[in-house]
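Engineer: One file is attached below, start_15.tsv, containing TSV, C-alpha atoms.
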chain	number	residue	atom	x	y	z
A	1	MET	CA	-40.90	-123.55	177.24
A	2	LEU	CA	-38.19	-120.97	176.46
A	3	GLU	CA	-38.75	-117.23	176.45
A	4	VAL	CA	-36.05	-114.69	175.62
A	5	ARG	CA	-36.66	-111.02	176.46
A	6	GLY	CA	-34.46	-108.12	175.41
A	7	LEU	CA	-31.35	-110.28	175.11
A	8	THR	CA	-28.24	-108.25	174.32
A	9	LYS	CA	-24.57	-109.14	174.01
A	10	ARG	CA	-21.85	-106.55	173.43
A	11	PHE	CA	-18.18	-107.17	172.80
A	12	GLY	CA	-16.63	-103.78	173.46
A	13	GLY	CA	-18.19	-101.44	170.91
A	14	LEU	CA	-19.67	-104.31	168.85
A	15	THR	CA	-23.25	-105.40	169.51
A	16	ALA	CA	-23.54	-109.06	168.47
A	17	VAL	CA	-27.09	-109.58	169.76
A	18	ALA	CA	-29.39	-106.58	170.07
A	19	GLU	CA	-32.54	-106.48	172.24
A	20	LEU	CA	-33.68	-109.87	170.94
A	21	SER	CA	-37.00	-111.33	172.09
A	22	PHE	CA	-38.67	-114.60	171.04
A	23	SER	CA	-40.14	-117.79	172.48
A	24	ILE	CA	-40.00	-121.50	171.70
A	25	VAL	CA	-43.03	-123.73	172.16
A	26	GLN	CA	-42.72	-127.36	173.22
A	27	GLY	CA	-42.72	-129.83	170.33
A	28	GLU	CA	-41.85	-127.40	167.53
A	29	ILE	CA	-38.86	-127.02	165.26
A	30	ILE	CA	-37.82	-123.39	165.11
A	31	GLY	CA	-35.30	-122.29	162.51
A	32	ILE	CA	-33.10	-119.22	163.00
A	33	PHE	CA	-31.15	-117.97	160.02
A	34	GLY	CA	-29.31	-114.96	158.76
A	35	PRO	CA	-26.18	-113.96	156.86
A	36	ASN	CA	-22.73	-114.61	158.31
A	37	GLY	CA	-22.15	-112.30	161.26
A	38	SER	CA	-25.85	-111.91	162.04
A	39	GLY	CA	-25.46	-113.19	165.61
A	40	LYS	CA	-26.84	-116.73	165.25
A	41	THR	CA	-24.11	-118.66	167.06
A	42	THR	CA	-23.70	-115.95	169.70
A	43	LEU	CA	-27.41	-116.25	170.43
A	44	LEU	CA	-27.20	-120.02	170.98
A	45	ASN	CA	-24.09	-119.58	173.13
A	46	LEU	CA	-25.96	-117.12	175.34
A	47	VAL	CA	-28.94	-119.44	175.74
A	48	ALA	CA	-26.70	-122.45	176.45
A	49	GLY	CA	-24.55	-120.62	179.01
A	50	LEU	CA	-21.37	-120.57	176.92
A	51	ALA	CA	-21.40	-116.77	177.02
A	52	ARG	CA	-22.86	-114.30	179.51
A	53	PRO	CA	-25.40	-111.76	178.26
A	54	THR	CA	-24.81	-108.04	178.68
A	55	SER	CA	-28.49	-107.64	179.51
A	56	GLY	CA	-31.80	-109.38	179.07
A	57	VAL	CA	-33.75	-112.33	180.42
A	58	ILE	CA	-33.68	-116.00	179.38
A	59	LEU	CA	-36.63	-117.85	180.91
A	60	TRP	CA	-36.37	-121.63	180.80
A	61	GLN	CA	-39.60	-123.19	182.04
A	62	GLY	CA	-40.27	-120.05	184.06
A	63	THR	CA	-36.80	-119.66	185.61
A	64	ASN	CA	-34.37	-116.96	184.56
A	65	ILE	CA	-31.18	-118.83	183.57
A	66	ALA	CA	-29.31	-115.81	182.17
A	67	GLY	CA	-25.79	-116.05	183.56
A	68	TRP	CA	-26.02	-119.71	184.62
A	69	GLN	CA	-23.06	-121.97	183.90
A	70	ALA	CA	-23.28	-124.20	180.83
A	71	HIS	CA	-23.31	-127.43	182.85
A	72	GLN	CA	-26.18	-126.14	184.99
A	73	ILE	CA	-28.23	-125.31	181.90
A	74	ALA	CA	-27.49	-128.68	180.29
A	75	THR	CA	-28.55	-130.45	183.48
A	76	ALA	CA	-31.81	-128.50	183.36
A	77	GLY	CA	-32.53	-130.04	179.95
A	78	LEU	CA	-31.28	-127.43	177.48
A	79	VAL	CA	-28.38	-128.84	175.41
A	80	LYS	CA	-26.38	-127.32	172.54
A	81	THR	CA	-24.49	-129.14	169.80
A	82	PHE	CA	-21.48	-127.63	168.06
A	83	GLN	CA	-20.85	-126.87	164.41
A	84	ASN	CA	-17.62	-128.88	164.56
A	85	PRO	CA	-17.83	-131.47	167.35
A	86	GLN	CA	-14.62	-132.12	169.27
A	87	LEU	CA	-14.04	-135.86	168.96
A	88	PHE	CA	-11.35	-138.27	170.16
A	89	PRO	CA	-9.85	-139.80	166.98
A	90	GLU	CA	-8.96	-143.11	168.65
A	91	LEU	CA	-12.41	-143.72	170.22
A	92	THR	CA	-15.34	-145.38	168.47
A	93	ALA	CA	-18.71	-143.77	167.86
A	94	LEU	CA	-20.23	-145.97	170.57
A	95	GLU	CA	-17.53	-144.99	173.07
A	96	HIS	CA	-18.22	-141.29	172.43
A	97	LEU	CA	-21.87	-141.84	173.33
A	98	LEU	CA	-21.02	-143.80	176.47
A	99	ILE	CA	-18.78	-140.94	177.63
A	100	ALA	CA	-21.53	-138.38	176.91
A	101	GLY	CA	-24.03	-140.51	178.82
A	102	HIS	CA	-21.76	-140.86	181.87
A	103	LEU	CA	-21.09	-137.11	181.91
A	104	ALA	CA	-24.82	-136.42	181.81
A	105	LEU	CA	-25.37	-138.88	184.66
A	106	LYS	CA	-22.59	-137.26	186.69
A	107	ARG	CA	-24.18	-133.82	186.27
A	108	ARG	CA	-27.53	-135.10	187.50
A	109	LEU	CA	-26.34	-137.27	190.42
A	110	GLY	CA	-22.91	-135.93	191.37
A	111	TRP	CA	-21.02	-138.37	193.59
A	112	GLN	CA	-24.22	-140.40	194.04
A	113	ARG	CA	-23.61	-141.59	190.48
A	114	LEU	CA	-20.79	-143.88	191.67
A	115	ALA	CA	-22.96	-145.52	194.30
A	116	THR	CA	-25.74	-145.89	191.77
A	117	LEU	CA	-23.44	-147.64	189.32
A	118	PHE	CA	-22.05	-149.96	191.99
A	119	ARG	CA	-25.44	-150.84	193.45
A	120	HIS	CA	-27.04	-151.52	190.09
A	121	ALA	CA	-24.91	-153.65	187.81
A	122	GLN	CA	-27.41	-153.13	185.03
A	123	ALA	CA	-26.89	-149.35	184.97
A	124	SER	CA	-23.97	-149.57	182.54
A	125	GLN	CA	-25.90	-152.03	180.38
A	126	THR	CA	-28.84	-149.63	180.30
A	127	LEU	CA	-26.53	-146.80	179.24
A	128	ALA	CA	-25.03	-148.96	176.48
A	129	HIS	CA	-28.52	-149.91	175.30
A	130	ARG	CA	-29.51	-146.24	175.14
A	131	ALA	CA	-26.32	-145.45	173.19
A	132	ARG	CA	-27.14	-148.11	170.62
A	133	GLU	CA	-30.67	-146.74	170.30
A	134	VAL	CA	-29.34	-143.22	169.68
A	135	LEU	CA	-26.85	-144.47	167.10
A	136	ALA	CA	-29.66	-146.21	165.23
A	137	LEU	CA	-31.87	-143.13	165.45
A	138	CYS	CA	-29.05	-140.99	164.01
A	139	ARG	CA	-28.42	-143.50	161.19
A	140	LEU	CA	-24.99	-144.30	162.64
A	141	ASP	CA	-25.60	-147.93	163.52
A	142	ALA	CA	-23.25	-149.16	160.79
A	143	ALA	CA	-20.50	-146.88	162.14
A	144	ARG	CA	-20.93	-148.03	165.76
A	145	GLU	CA	-17.45	-149.57	166.06
A	146	ALA	CA	-15.71	-147.15	163.69
A	147	ARG	CA	-13.15	-144.83	165.21
A	148	ALA	CA	-13.84	-141.11	164.93
A	149	ALA	CA	-10.80	-140.73	162.66
A	150	GLU	CA	-12.49	-143.09	160.19
A	151	LEU	CA	-15.81	-141.23	160.00
A	152	SER	CA	-16.85	-138.98	157.14
A	153	TYR	CA	-17.48	-135.31	157.91
A	154	GLY	CA	-21.24	-135.92	157.76
A	155	GLU	CA	-20.93	-138.80	160.21
A	156	GLU	CA	-18.82	-136.67	162.53
A	157	LYS	CA	-21.51	-134.00	162.61
A	158	MET	CA	-24.25	-136.57	163.18
A	159	LEU	CA	-22.20	-138.08	166.01
A	160	GLY	CA	-22.18	-134.62	167.61
A	161	VAL	CA	-25.98	-134.63	167.48
A	162	ALA	CA	-26.05	-138.14	168.97
A	163	MET	CA	-23.80	-137.06	171.86
A	164	GLY	CA	-26.19	-134.22	172.59
A	165	LEU	CA	-29.09	-136.67	172.66
A	166	MET	CA	-27.29	-138.79	175.26
A	167	CYS	CA	-27.69	-135.81	177.61
A	168	GLU	CA	-31.48	-136.34	177.38
A	169	PRO	CA	-32.39	-132.75	176.41
A	170	GLN	CA	-35.87	-131.33	176.43
A	171	LEU	CA	-34.72	-128.64	174.00
A	172	LEU	CA	-31.84	-129.35	171.61
A	173	LEU	CA	-30.01	-126.36	170.13
A	174	LEU	CA	-28.25	-127.23	166.87
A	175	ASP	CA	-25.49	-124.94	165.60
A	176	GLU	CA	-25.13	-125.06	161.78
A	177	PRO	CA	-25.84	-128.83	161.52
A	178	ALA	CA	-26.04	-128.73	157.70
A	179	SER	CA	-22.88	-126.72	157.06
A	180	GLY	CA	-20.39	-128.55	154.87
A	181	LEU	CA	-22.80	-131.37	154.05
A	182	GLY	CA	-23.80	-132.61	150.61
A	183	ALA	CA	-27.38	-132.93	149.39
A	184	GLU	CA	-27.74	-136.59	150.44
A	185	GLU	CA	-26.29	-135.90	153.89
A	186	ILE	CA	-28.63	-132.93	154.37
A	187	ALA	CA	-31.62	-135.10	153.41
A	188	ASN	CA	-30.50	-137.68	155.98
A	189	LEU	CA	-30.09	-134.97	158.63
A	190	GLU	CA	-33.59	-133.70	157.91
A	191	ARG	CA	-35.04	-137.20	158.34
A	192	VAL	CA	-33.24	-137.63	161.66
A	193	LEU	CA	-34.48	-134.28	163.01
A	194	ARG	CA	-38.05	-135.04	161.95
A	195	ASP	CA	-37.81	-138.38	163.75
A	196	LEU	CA	-36.67	-136.55	166.88
A	197	LYS	CA	-39.66	-134.24	166.67
A	198	ARG	CA	-42.01	-137.21	166.34
A	199	GLU	CA	-40.47	-138.60	169.53
A	200	GLY	CA	-41.37	-135.36	171.33
A	201	MET	CA	-38.09	-133.45	171.07
A	202	THR	CA	-38.17	-129.66	170.72
A	203	LEU	CA	-35.52	-128.33	168.34
A	204	CYS	CA	-33.96	-124.94	167.67
A	205	VAL	CA	-31.82	-125.03	164.54
A	206	ILE	CA	-29.60	-122.22	163.28
A	207	ASP	CA	-28.15	-122.44	159.81
A	208	HIS	CA	-27.29	-120.30	156.83
A	209	LYS	CA	-28.79	-122.88	154.42
A	210	VAL	CA	-32.16	-121.26	153.80
A	211	GLY	CA	-33.55	-124.12	151.73
A	212	PHE	CA	-32.82	-126.63	154.49
A	213	LEU	CA	-34.62	-124.56	157.14
A	214	ARG	CA	-37.50	-123.82	154.78
A	215	GLN	CA	-38.20	-127.55	154.49
A	216	LEU	CA	-37.58	-128.37	158.15
A	217	ALA	CA	-38.84	-125.60	160.41
A	218	ASP	CA	-42.38	-125.02	161.68
A	219	ARG	CA	-41.50	-121.41	162.44
A	220	ALA	CA	-38.60	-119.20	161.43
A	221	ILE	CA	-36.76	-116.16	162.73
A	222	SER	CA	-34.36	-114.09	160.67
A	223	LEU	CA	-31.52	-112.12	162.22
A	224	HIS	CA	-29.45	-109.28	160.78
A	225	HIS	CA	-26.69	-107.45	162.66
A	226	GLY	CA	-27.85	-109.20	165.84
A	227	ALA	CA	-31.46	-108.01	165.64
A	228	LYS	CA	-34.63	-109.86	164.70
A	229	ILE	CA	-35.97	-108.57	161.38
A	230	ALA	CA	-38.73	-111.12	160.70
A	231	GLU	CA	-40.64	-113.96	162.34
A	232	GLY	CA	-43.36	-116.31	161.07
A	233	THR	CA	-43.64	-119.36	158.87
A	234	PRO	CA	-40.53	-119.99	156.77
A	235	GLU	CA	-42.32	-118.83	153.63
A	236	GLU	CA	-43.55	-115.64	155.29
A	237	VAL	CA	-40.08	-114.82	156.56
A	238	LEU	CA	-38.39	-115.50	153.23
A	239	ARG	CA	-40.85	-113.17	151.46
A	240	ASN	CA	-40.22	-110.38	153.94
A	241	PRO	CA	-38.55	-107.43	152.14
A	242	SER	CA	-36.13	-106.87	155.04
A	243	VAL	CA	-34.95	-110.49	154.78
A	244	VAL	CA	-34.58	-110.28	151.00
A	245	SER	CA	-32.60	-107.07	151.41
A	246	ALA	CA	-30.32	-108.61	154.05
A	247	TYR	CA	-29.47	-111.54	151.80
A	248	LEU	CA	-29.60	-110.05	148.30
A	249	GLY	CA	-29.49	-106.26	148.65
A	250	ARG	CA	-32.01	-103.44	148.50
A	251	ALA	CA	-32.56	-103.67	144.74
A	252	HIS	CA	-33.97	-107.19	145.06
A	253	ALA	CA	-36.19	-106.21	148.01
A	254	ALA	CA	-37.75	-103.43	145.93
A	255	ILE	CA	-38.84	-105.78	143.13
Using C-alpha coordinates, write down the structure that the file contains.
Structural biologist:
Amino acid sequence: MLEVRGLTKRFGGLTAVAELSFSIVQGEIIGIFGPNGSGKTTLLNLVAGLARPTSGVILWQGTNIAGWQAHQIATAGLVKTFQNPQLFPELTALEHLLIAGHLALKRRLGWQRLATLFRHAQASQTLAHRAREVLALCRLDAAREARAAELSYGEEKMLGVAMGLMCEPQLLLLDEPASGLGAEEIANLERVLRDLKREGMTLCVIDHKVGFLRQLADRAISLHHGAKIAEGTPEEVLRNPSVVSAYLGRAHAAI
(Lines of atoms letter the chains of each structure in order from A and count residues from 1; the text may use other names and numbers.)
(Lines give C-alpha, C1' and ligand atoms only; values in the text may rest on other atoms or scores of the structure.)
Protein backbone atom coordinates (compact mmCIF):
# COMPACT_ATOMS: atom_id res chain seq x y z
CA MET A 1 0.00 0.00 0.00
CA LEU A 2 2.72 2.46 1.06
CA GLU A 3 6.43 1.87 0.62
CA VAL A 4 9.11 4.32 1.74
CA ARG A 5 12.67 3.85 0.46
CA GLY A 6 15.72 5.76 1.65
CA LEU A 7 13.68 8.77 2.77
CA THR A 8 15.87 11.63 3.98
CA LYS A 9 15.12 15.17 5.10
CA ARG A 10 17.83 17.69 5.97
CA PHE A 11 17.37 21.16 7.38
CA GLY A 12 20.74 22.78 6.73
CA GLY A 13 23.25 20.71 8.70
CA LEU A 14 20.52 18.87 10.66
CA THR A 15 19.28 15.51 9.41
CA ALA A 16 15.71 15.06 10.70
CA VAL A 17 14.98 11.85 8.78
CA ALA A 18 17.88 9.62 7.74
CA GLU A 19 17.68 6.98 4.99
CA LEU A 20 14.39 5.64 6.34
CA SER A 21 12.74 2.64 4.68
CA PHE A 22 9.53 0.83 5.67
CA SER A 23 6.18 -0.28 4.27
CA ILE A 24 2.55 -0.26 5.40
CA VAL A 25 0.20 -3.12 4.54
CA GLN A 26 -3.49 -2.56 3.91
CA GLY A 27 -5.70 -3.11 6.96
CA GLU A 28 -3.01 -2.86 9.64
CA ILE A 29 -2.34 -0.39 12.41
CA ILE A 30 1.32 0.56 12.43
CA GLY A 31 2.72 2.49 15.38
CA ILE A 32 5.80 4.70 15.05
CA PHE A 33 7.36 5.99 18.24
CA GLY A 34 10.53 7.51 19.55
CA PRO A 35 11.78 10.18 21.94
CA ASN A 36 11.11 13.86 21.28
CA GLY A 37 13.17 15.00 18.31
CA SER A 38 13.38 11.53 16.77
CA GLY A 39 11.80 12.65 13.48
CA LYS A 40 8.26 11.26 13.89
CA THR A 41 6.26 14.33 12.85
CA THR A 42 8.75 15.23 10.10
CA LEU A 43 8.27 11.74 8.68
CA LEU A 44 4.48 12.11 8.53
CA ASN A 45 4.81 15.58 7.01
CA LEU A 46 7.02 14.17 4.25
CA VAL A 47 4.58 11.36 3.48
CA ALA A 48 1.59 13.74 3.51
CA GLY A 49 3.25 16.33 1.28
CA LEU A 50 3.58 19.02 3.95
CA ALA A 51 7.36 18.97 3.50
CA ARG A 52 9.55 18.02 0.55
CA PRO A 53 12.11 15.25 1.03
CA THR A 54 15.79 15.87 0.39
CA SER A 55 16.01 12.43 -1.19
CA GLY A 56 14.22 9.11 -1.26
CA VAL A 57 11.11 7.51 -2.70
CA ILE A 58 7.54 7.42 -1.34
CA LEU A 59 5.49 4.86 -3.25
CA TRP A 60 1.73 5.13 -2.74
CA GLN A 61 -0.03 2.24 -4.45
CA GLY A 62 2.91 1.95 -6.85
CA THR A 63 3.26 5.66 -7.70
CA ASN A 64 6.12 7.80 -6.43
CA ILE A 65 4.43 10.74 -4.66
CA ALA A 66 7.62 12.26 -3.20
CA GLY A 67 7.37 15.99 -3.82
CA TRP A 68 3.62 16.02 -4.57
CA GLN A 69 1.52 18.80 -3.07
CA ALA A 70 -0.44 17.99 0.10
CA HIS A 71 -3.84 18.40 -1.59
CA GLN A 72 -2.82 16.01 -4.37
CA ILE A 73 -1.78 13.37 -1.84
CA ALA A 74 -4.98 13.81 0.18
CA THR A 75 -7.05 13.43 -2.97
CA ALA A 76 -5.20 10.19 -3.69
CA GLY A 77 -6.45 8.81 -0.37
CA LEU A 78 -3.60 9.51 2.05
CA VAL A 79 -4.73 11.94 4.78
CA LYS A 80 -2.91 13.31 7.84
CA THR A 81 -4.43 14.63 11.06
CA PHE A 82 -2.68 17.20 13.22
CA GLN A 83 -1.58 17.07 16.84
CA ASN A 84 -3.50 20.29 17.53
CA PRO A 85 -6.33 20.68 15.00
CA GLN A 86 -7.04 24.21 13.83
CA LEU A 87 -10.73 24.77 14.59
CA PHE A 88 -13.15 27.67 14.19
CA PRO A 89 -14.36 28.51 17.73
CA GLU A 90 -17.77 29.76 16.58
CA LEU A 91 -18.62 26.71 14.42
CA THR A 92 -20.20 23.50 15.69
CA ALA A 93 -18.65 20.06 15.46
CA LEU A 94 -21.12 19.15 12.71
CA GLU A 95 -20.28 22.28 10.73
CA HIS A 96 -16.57 21.44 10.87
CA LEU A 97 -17.30 18.05 9.31
CA LEU A 98 -19.50 19.54 6.60
CA ILE A 99 -16.69 21.93 5.65
CA ALA A 100 -14.16 19.07 5.57
CA GLY A 101 -16.53 17.03 3.40
CA HIS A 102 -17.07 19.87 0.91
CA LEU A 103 -13.32 20.50 0.66
CA ALA A 104 -12.74 16.81 -0.05
CA LEU A 105 -15.46 16.88 -2.71
CA LYS A 106 -13.94 19.99 -4.28
CA ARG A 107 -10.52 18.31 -4.51
CA ARG A 108 -12.00 15.29 -6.27
CA LEU A 109 -14.38 17.08 -8.67
CA GLY A 110 -13.03 20.61 -9.04
CA TRP A 111 -15.60 22.94 -10.60
CA GLN A 112 -17.76 19.93 -11.49
CA ARG A 113 -18.61 19.82 -7.78
CA LEU A 114 -20.91 22.84 -8.17
CA ALA A 115 -22.84 21.27 -11.02
CA THR A 116 -23.07 18.03 -9.08
CA LEU A 117 -24.53 19.81 -6.06
CA PHE A 118 -27.03 21.75 -8.17
CA ARG A 119 -28.13 18.72 -10.20
CA HIS A 120 -28.57 16.49 -7.18
CA ALA A 121 -30.42 18.14 -4.33
CA GLN A 122 -29.73 15.12 -2.17
CA ALA A 123 -25.95 15.58 -2.36
CA SER A 124 -25.87 17.94 0.62
CA GLN A 125 -28.19 15.65 2.57
CA THR A 126 -25.87 12.72 1.84
CA LEU A 127 -22.90 14.74 3.08
CA ALA A 128 -24.76 15.68 6.27
CA HIS A 129 -25.70 12.03 6.81
CA ARG A 130 -22.07 10.98 6.43
CA ALA A 131 -21.02 13.71 8.89
CA ARG A 132 -23.46 12.42 11.48
CA GLU A 133 -22.17 8.87 10.96
CA VAL A 134 -18.58 10.01 11.50
CA LEU A 135 -19.52 11.94 14.63
CA ALA A 136 -21.17 8.83 16.05
CA LEU A 137 -18.18 6.68 15.11
CA CYS A 138 -15.85 9.12 16.89
CA ARG A 139 -18.08 9.19 19.99
CA LEU A 140 -18.90 12.86 19.34
CA ASP A 141 -22.61 12.48 18.69
CA ALA A 142 -23.52 14.24 21.94
CA ALA A 143 -21.30 17.18 20.96
CA ARG A 144 -22.77 17.51 17.45
CA GLU A 145 -24.22 20.99 18.00
CA ALA A 146 -21.56 22.19 20.44
CA ARG A 147 -19.30 24.98 19.26
CA ALA A 148 -15.60 24.21 19.05
CA ALA A 149 -14.92 26.72 21.83
CA GLU A 150 -17.11 24.59 24.13
CA LEU A 151 -15.34 21.28 23.48
CA SER A 152 -12.88 19.65 25.84
CA TYR A 153 -9.32 19.15 24.64
CA GLY A 154 -10.02 15.45 24.08
CA GLU A 155 -13.09 16.28 22.02
CA GLU A 156 -11.11 18.79 19.98
CA LYS A 157 -8.54 16.15 19.12
CA MET A 158 -11.24 13.61 18.25
CA LEU A 159 -12.92 16.21 16.04
CA GLY A 160 -9.62 16.51 14.16
CA VAL A 161 -9.73 12.76 13.53
CA ALA A 162 -13.36 13.04 12.38
CA MET A 163 -12.46 15.81 9.92
CA GLY A 164 -9.77 13.58 8.47
CA LEU A 165 -12.31 10.78 8.04
CA MET A 166 -14.59 13.10 6.07
CA CYS A 167 -11.84 13.15 3.41
CA GLU A 168 -12.46 9.40 2.93
CA PRO A 169 -8.83 8.27 3.36
CA GLN A 170 -7.53 4.85 2.52
CA LEU A 171 -4.59 5.46 4.87
CA LEU A 172 -5.01 7.80 7.84
CA LEU A 173 -1.85 9.26 9.37
CA LEU A 174 -2.37 10.33 12.99
CA ASP A 175 0.10 12.75 14.57
CA GLU A 176 0.32 12.33 18.37
CA PRO A 177 -3.43 11.63 18.83
CA ALA A 178 -2.99 10.65 22.51
CA SER A 179 -0.84 13.60 23.59
CA GLY A 180 -2.40 15.62 26.39
CA LEU A 181 -5.21 13.12 26.96
CA GLY A 182 -6.17 11.46 30.23
CA ALA A 183 -6.49 7.71 30.74
CA GLU A 184 -10.23 7.61 29.98
CA GLU A 185 -9.81 9.72 26.84
CA ILE A 186 -6.96 7.50 25.63
CA ALA A 187 -9.12 4.40 26.16
CA ASN A 188 -11.89 6.04 24.12
CA LEU A 189 -9.41 6.95 21.37
CA GLU A 190 -8.18 3.36 21.25
CA ARG A 191 -11.76 2.07 20.87
CA VAL A 192 -12.42 4.51 18.02
CA LEU A 193 -9.24 3.53 16.16
CA ARG A 194 -10.01 -0.18 16.55
CA ASP A 195 -13.49 0.46 15.14
CA LEU A 196 -11.91 2.20 12.15
CA LYS A 197 -9.67 -0.80 11.54
CA ARG A 198 -12.67 -3.14 11.67
CA GLU A 199 -14.30 -0.97 8.99
CA GLY A 200 -11.25 -1.53 6.76
CA MET A 201 -9.23 1.61 7.49
CA THR A 202 -5.43 1.42 7.47
CA LEU A 203 -3.82 3.52 10.20
CA CYS A 204 -0.33 4.87 10.85
CA VAL A 205 -0.08 6.33 14.35
CA ILE A 206 2.88 8.23 15.75
CA ASP A 207 3.02 8.95 19.46
CA HIS A 208 5.44 9.16 22.34
CA LYS A 209 3.04 7.24 24.62
CA VAL A 210 4.61 3.79 24.40
CA GLY A 211 1.90 2.04 26.41
CA PHE A 212 -0.82 3.35 24.09
CA LEU A 213 0.95 2.09 20.96
CA ARG A 214 1.81 -1.21 22.61
CA GLN A 215 -1.90 -1.91 23.10
CA LEU A 216 -3.02 -0.56 19.73
CA ALA A 217 -0.49 -1.37 17.02
CA ASP A 218 -0.14 -4.58 15.01
CA ARG A 219 3.42 -3.61 14.12
CA ALA A 220 5.79 -0.99 15.49
CA ILE A 221 8.76 1.03 14.30
CA SER A 222 11.07 2.94 16.61
CA LEU A 223 12.98 6.02 15.47
CA HIS A 224 15.99 7.72 17.03
CA HIS A 225 17.73 10.78 15.59
CA GLY A 226 15.68 10.31 12.41
CA ALA A 227 16.78 6.72 11.78
CA LYS A 228 14.92 3.44 12.23
CA ILE A 229 16.46 1.44 15.08
CA ALA A 230 13.90 -1.37 15.43
CA GLU A 231 10.87 -2.87 13.70
CA GLY A 232 8.56 -5.76 14.61
CA THR A 233 5.71 -6.45 16.98
CA PRO A 234 5.36 -3.82 19.71
CA GLU A 235 6.73 -6.23 22.31
CA GLU A 236 9.73 -7.13 20.15
CA VAL A 237 10.54 -3.48 19.53
CA LEU A 238 10.21 -2.50 23.18
CA ARG A 239 12.61 -5.29 24.20
CA ASN A 240 15.19 -4.20 21.65
CA PRO A 241 18.33 -2.96 23.46
CA SER A 242 18.70 -0.01 21.07
CA VAL A 243 15.16 1.13 21.90
CA VAL A 244 15.71 0.73 25.64
CA SER A 245 18.93 2.71 25.34
CA ALA A 246 17.23 5.49 23.36
CA TYR A 247 14.54 5.91 26.00
CA LEU A 248 16.33 5.05 29.25
CA GLY A 249 20.07 5.19 28.58
CA ARG A 250 22.81 2.66 27.96
CA ALA A 251 22.90 1.37 31.54
CA HIS A 252 19.33 0.08 31.27
CA ALA A 253 19.98 -1.50 27.85
CA ALA A 254 22.88 -3.48 29.32
CA ILE A 255 20.75 -5.09 32.05
Engineer: Sorted by chain and rising residue number, which residues of range 33-59 of chain A lie within 10 Å of range 79-101 of chain A, and what are their closest atom pairs and distances in Å to one decimal, counting only C-alpha atoms, as CSV?
Structural biologist:
residue,atom,partner,partner_atom,distance
A:Thr41,CA,A:Gln83,CA,9.2
A:Leu44,CA,A:Lys80,CA,7.5
A:Asn45,CA,A:Lys80,CA,8.1
A:Val47,CA,A:Lys80,CA,8.9
A:Ala48,CA,A:Lys80,CA,6.3
A:Gly49,CA,A:Lys80,CA,9.5
A:Leu50,CA,A:Lys80,CA,9.5
Engineer: Can you write out as CSV which residues of range 8-52 of chain A fall within 12 Å of range 156-179 of chain A, alongside each residue's closest atom pair and its distance in Å to one decimal, counting all atoms listed in the file and ordering rows by chain and ascending residue number?
Structural biologist:
residue,atom,partner,partner_atom,distance
A:Ile24,CA,A:Leu171,CA,9.2
A:Val25,CA,A:Leu171,CA,9.8
A:Gln26,CA,A:Leu171,CA,8.1
A:Gly27,CA,A:Leu171,CA,8.9
A:Glu28,CA,A:Leu171,CA,9.7
A:Ile29,CA,A:Leu172,CA,9.7
A:Ile30,CA,A:Leu173,CA,9.7
A:Gly31,CA,A:Leu174,CA,9.6
A:Ile32,CA,A:Asp175,CA,9.9
A:Phe33,CA,A:Glu176,CA,9.5
A:Gly34,CA,A:Glu176,CA,11.3
A:Asn36,CA,A:Glu176,CA,11.3
A:Gly39,CA,A:Asp175,CA,11.8
A:Lys40,CA,A:Asp175,CA,8.3
A:Thr41,CA,A:Asp175,CA,6.6
A:Thr42,CA,A:Asp175,CA,10.0
A:Leu43,CA,A:Asp175,CA,10.1
A:Leu44,CA,A:Leu173,CA,7.0
A:Asn45,CA,A:Asp175,CA,9.3
A:Leu46,CA,A:Leu173,CA,11.4
A:Val47,CA,A:Leu173,CA,9.0
A:Ala48,CA,A:Leu173,CA,8.1
A:Gly49,CA,A:Leu173,CA,11.9
Engineer: Using all atoms listed in the file, find the one residue out of A:Gly211, A:Pro53, A:Gly182, A:Gly6 that sits nearest to Ser23 in chain A.
Structural biologist: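 Counting all atoms listed in the file, the residue closest to Ser23 in chain A is A:Gly6.
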Engineer: Between CA of Leu196 in chain A and CA of Ala131 in chain A, what is the spacing in Å?
Structural biologist: 15.0 Å
Engineer: Just how far from CA of His102 in chain A is CA of Ile58 in chain A, in Å to one decimal?
Structural biologist: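 For CA of Ile58 in chain A relative to CA of His102 in chain A, the distance reads 27.7 Å.
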Engineer: Between CA of Gly13 in chain A and CA of Lys228 in chain A, what distance in Å does the model show, to one decimal?
Structural biologist: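 A separation of 19.5 Å between them.
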Engineer: Compute the distance from (-35.9, -129.9, 157.8) to each atom, counting only C-alpha atoms, keep the residues with any atom at most 10 Å away, and return them as a list of chain:residue names; use the coordinates of the file.
Structural biologist: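 Taken together, the residues in range are A:Ile29, A:Ile30, A:Gly31, A:Ala178, A:Ile186, A:Ala187, A:Asn188, A:Leu189, A:Glu190, A:Arg191, A:Val192, A:Leu193, A:Arg194, A:Val205, A:Gly211, A:Phe212, A:Leu213, A:Arg214, A:Gln215, A:Leu216, A:Ala217, A:Asp218.
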Engineer: With distances taken over all atoms listed in the file, which of A:Glu184, A:Ser38, A:Trp68, A:Leu78 is nearest to Leu223 in chain A?
Structural biologist: A:Ser38
Engineer: Of the residues A:Leu151, A:Leu135, A:Ala246, A:Ala142, which is the one nearest to Ala227 in chain A, using all atoms listed in the file?
Structural biologist: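 Closest to Ala227 in chain A, using all atoms listed in the file: A:Ala246.
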Engineer: Choose the residue, out of A:Ala149, A:Asp207, A:Glu236, A:Ala128, that has the smallest atom-to-atom separation from Arg219 in chain A; count only C-alpha atoms.
Structural biologist: A:Glu236
Engineer: Restricting the calculation to all atoms listed in the file, which member of A:Pro234, A:Ala146, A:Leu137, A:Asn240 is positioned closest to Glu199 in chain A?
Structural biologist: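 Among A:Pro234, A:Ala146, A:Leu137, A:Asn240, it is A:Leu137 that comes nearest to Glu199 in chain A.
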Engineer: For Val4 in chain A, which residue out of A:Ser245, A:Gln72, A:Ser55, A:Thr233 is the nearest one, using all atoms listed in the file?
Structural biologist: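 For Val4 in chain A, the nearest of the candidates is A:Ser55.
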